[in-house]
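Q: Would you mind keeping the following structure in view while I ask a few things?
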Amino acid sequence: MLTWRCGVSVPIVFHLPFSARTLIKHLPSSNQNTFCPHRTRAKTLTTTRIVNSSHFETLNTRQQEQIHLYVDALLQWNRKMNLTAVKDVNEVMERHIDDSLAIIPPIKNSYTSHCDSSCNSNLKLVDVGTGAGLPGLVLAIACPDWKVTLLESMNKRCVFLEHAVSLTQLLNVQIVRGRAETLGKDVSFREQYDVAVARAVAEMRILAEYCLPLVRVGGLFIAAKGHDPQEEVKNSERAVQLMGASLLQLCSVESQSPFGQRTAVVCLKSRRTPKKYPRDPGTPAKVPL
């Protein structure tokens, strides 16, 4: 089993307001006394192997407590909201927390090698389609110096995220309710992030159009994928290039969970995304590039 830690009031941005009645409706009924420049051609991909130790054990006591608080809240709310298909605490720790923490070494290594000398201070990261906060909220706990935006289109999930952020007392998280296609056109979000991540959202062709318009030139887009994403990655090369980026490398990560090896697909953005992208909401999924 693996886990992580981190460092009360958090800026929450909702593009569509929700009522107090909605919040009360989704609150779990169980008690709280629980444990807590120039267009570039795609390069020949290199594969980097990163072998995980127990990430959870590397976290300090406070961060481990925050992870437990988050997992406990996730399972409580999941009884009413269908946040995850996983219902066992050990399986959540192994499948969701481990996978989320496993993306940190590829982010740090790739960013240090290709973007900046350090990614420890004030790195701006957006988790596109964060759902229940995976991996973004877990990354915010593990990396308290990062500024993490959780982007989610569904109101009820945003309600849960607000609760989880408040419960874990995270100070480095912003919650934004909206669609990636819409925010990718918004000057407040377009090309404002050092790193965009996505996990279990869509295939790479679609993710490229969701995520890369949000990434600054010189930044990274990293998709968390399964053990063998080679065909999916190959099919996405055109979409990645149209967004102003190139496929940089595949980072193979040995998961501690029974679900096996995971792969982080790393893309480097070298020029600005053309203004016509992203296309209208729903179009990237219906008509992938």
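Every chain in the structure tokens has a letter given in the order shown (A, B, ...), and although residue numbers restart at 1 in each chain, ligands are simply numbered from 1 in the order shown.
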Kindly provide the residues of region 85-179 of chain A that approach region 187-191 of chain A to within 12 Å, each paired with its closest atom pair and their distance in Å to one decimal, based on only C-alpha atoms, listed by chain and increasing number, as JSON lines.
A:
```
{"residue": "A:Lys124", "atom": "CA", "partner": "A:Glu191", "partner_atom": "CA", "distance": 10.9}
{"residue": "A:Leu125", "atom": "CA", "partner": "A:Phe189", "partner_atom": "CA", "distance": 11.3}
{"residue": "A:Val126", "atom": "CA", "partner": "A:Phe189", "partner_atom": "CA", "distance": 9.6}
{"residue": "A:Val128", "atom": "CA", "partner": "A:Phe189", "partner_atom": "CA", "distance": 11.9}
{"residue": "A:Thr149", "atom": "CA", "partner": "A:Phe189", "partner_atom": "CA", "distance": 10.2}
{"residue": "A:Leu151", "atom": "CA", "partner": "A:Phe189", "partner_atom": "CA", "distance": 10.7}
{"residue": "A:Val176", "atom": "CA", "partner": "A:Phe189", "partner_atom": "CA", "distance": 10.3}
{"residue": "A:Gly178", "atom": "CA", "partner": "A:Phe189", "partner_atom": "CA", "distance": 11.3}
{"residue": "A:Arg179", "atom": "CA", "partner": "A:Phe189", "partner_atom": "CA", "distance": 11.6}
```
Q: Near Glu152 (chain A), within 12 Å and counting only C-alpha atoms, which residues show up once chain neighbours fewer than 4 positions away are dropped, as a VMD selection string?
A: chain A and resid 12 to 16 126 to 134 136 156 to 162 174 to 183 198 201
Q: For the residues in that selection, give me C-alpha atoms as a PDB file, in the first residue's frame.
A:
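Printed below is selection.pdb as written:
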```pdb
ATOM      1  CA  ILE A  12     -12.575  28.014  -5.290  1.00  0.00           C
ATOM      2  CA  VAL A  13     -13.728  29.102  -8.743  1.00  0.00           C
ATOM      3  CA  PHE A  14     -17.082  27.911 -10.044  1.00  0.00           C
ATOM      4  CA  HIS A  15     -18.148  29.052 -13.492  1.00  0.00           C
ATOM      5  CA  LEU A  16     -21.674  27.915 -12.689  1.00  0.00           C
ATOM      6  CA  VAL A 126      -3.794  21.735 -13.949  1.00  0.00           C
ATOM      7  CA  ASP A 127      -5.513  18.379 -13.618  1.00  0.00           C
ATOM      8  CA  VAL A 128      -7.961  18.152 -16.529  1.00  0.00           C
ATOM      9  CA  GLY A 129     -11.067  16.099 -15.797  1.00  0.00           C
ATOM     10  CA  THR A 130      -9.967  15.546 -12.220  1.00  0.00           C
ATOM     11  CA  GLY A 131     -13.182  13.744 -11.224  1.00  0.00           C
ATOM     12  CA  ALA A 132     -12.817  12.923  -7.541  1.00  0.00           C
ATOM     13  CA  GLY A 133      -9.419  14.657  -7.424  1.00  0.00           C
ATOM     14  CA  LEU A 134      -7.236  11.996  -9.018  1.00  0.00           C
ATOM     15  CA  GLY A 136      -4.557  16.409  -8.814  1.00  0.00           C
ATOM     16  CA  LYS A 156     -21.583  17.325  -7.794  1.00  0.00           C
ATOM     17  CA  ARG A 157     -17.932  16.366  -8.122  1.00  0.00           C
ATOM     18  CA  CYS A 158     -16.939  19.984  -7.514  1.00  0.00           C
ATOM     19  CA  VAL A 159     -19.018  19.916  -4.328  1.00  0.00           C
ATOM     20  CA  PHE A 160     -17.074  16.868  -3.176  1.00  0.00           C
ATOM     21  CA  LEU A 161     -13.743  18.448  -4.132  1.00  0.00           C
ATOM     22  CA  GLU A 162     -14.552  21.549  -2.107  1.00  0.00           C
ATOM     23  CA  GLN A 174      -8.065  25.964  -6.860  1.00  0.00           C
ATOM     24  CA  ILE A 175     -11.235  24.236  -8.014  1.00  0.00           C
ATOM     25  CA  VAL A 176     -12.631  25.311 -11.387  1.00  0.00           C
ATOM     26  CA  ARG A 177     -15.950  24.080 -12.699  1.00  0.00           C
ATOM     27  CA  GLY A 178     -16.023  24.048 -16.484  1.00  0.00           C
ATOM     28  CA  ARG A 179     -15.138  22.193 -19.659  1.00  0.00           C
ATOM     29  CA  ALA A 180     -11.593  22.052 -20.969  1.00  0.00           C
ATOM     30  CA  GLU A 181     -12.779  23.155 -24.433  1.00  0.00           C
ATOM     31  CA  THR A 182     -14.263  26.338 -22.940  1.00  0.00           C
ATOM     32  CA  LEU A 183     -11.447  27.194 -20.559  1.00  0.00           C
ATOM     33  CA  ALA A 198      -4.895  13.815 -17.077  1.00  0.00           C
ATOM     34  CA  VAL A 201     -10.238  10.776 -18.973  1.00  0.00           C
TER      35      VAL A 201
END
```
Q: Between A:Glu203, A:Glu91, A:Asp145, A:Asp99, single out the one closest to Val71 (chain A), counting only C-alpha atoms.
A: A:Glu91
Q: When you count only C-alpha atoms, which of these residues is closest to Pro274 (chain A): A:Lys87, A:Lys185, A:His68, A:Lys108?
A: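 Smallest separation from Pro274 (chain A) among the options: A:Lys185.
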Q: How many Å lie between CA of Leu150 (chain A) and CA of Ile103 (chain A), rounded to one decimal?
A: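 Computing it gives 15.9 Å between the two atoms.
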Q: Pick out the closest residue to Leu171 (chain A) from this set: A:Leu220, A:Ala200, A:Ala140, A:Val86. Count only C-alpha atoms.
A: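 Of all the options, A:Ala140 lies closest to Leu171 (chain A).
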Q: Taking only C-alpha atoms into account, name the residue in A:Ser121, A:Val233, A:Gly244, A:Ile141 that is nearest to Ala164 (chain A).
A: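 With only C-alpha atoms as the atom set, the closest residue is A:Ile141.
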Q: Could you give me the residues within region 41-225 of chain A that DSSP places in strand (DSSP E), as number ranges by chain?
A: A: 46-51, 124-128, 147-152, 173-177, 193-199, 215-225
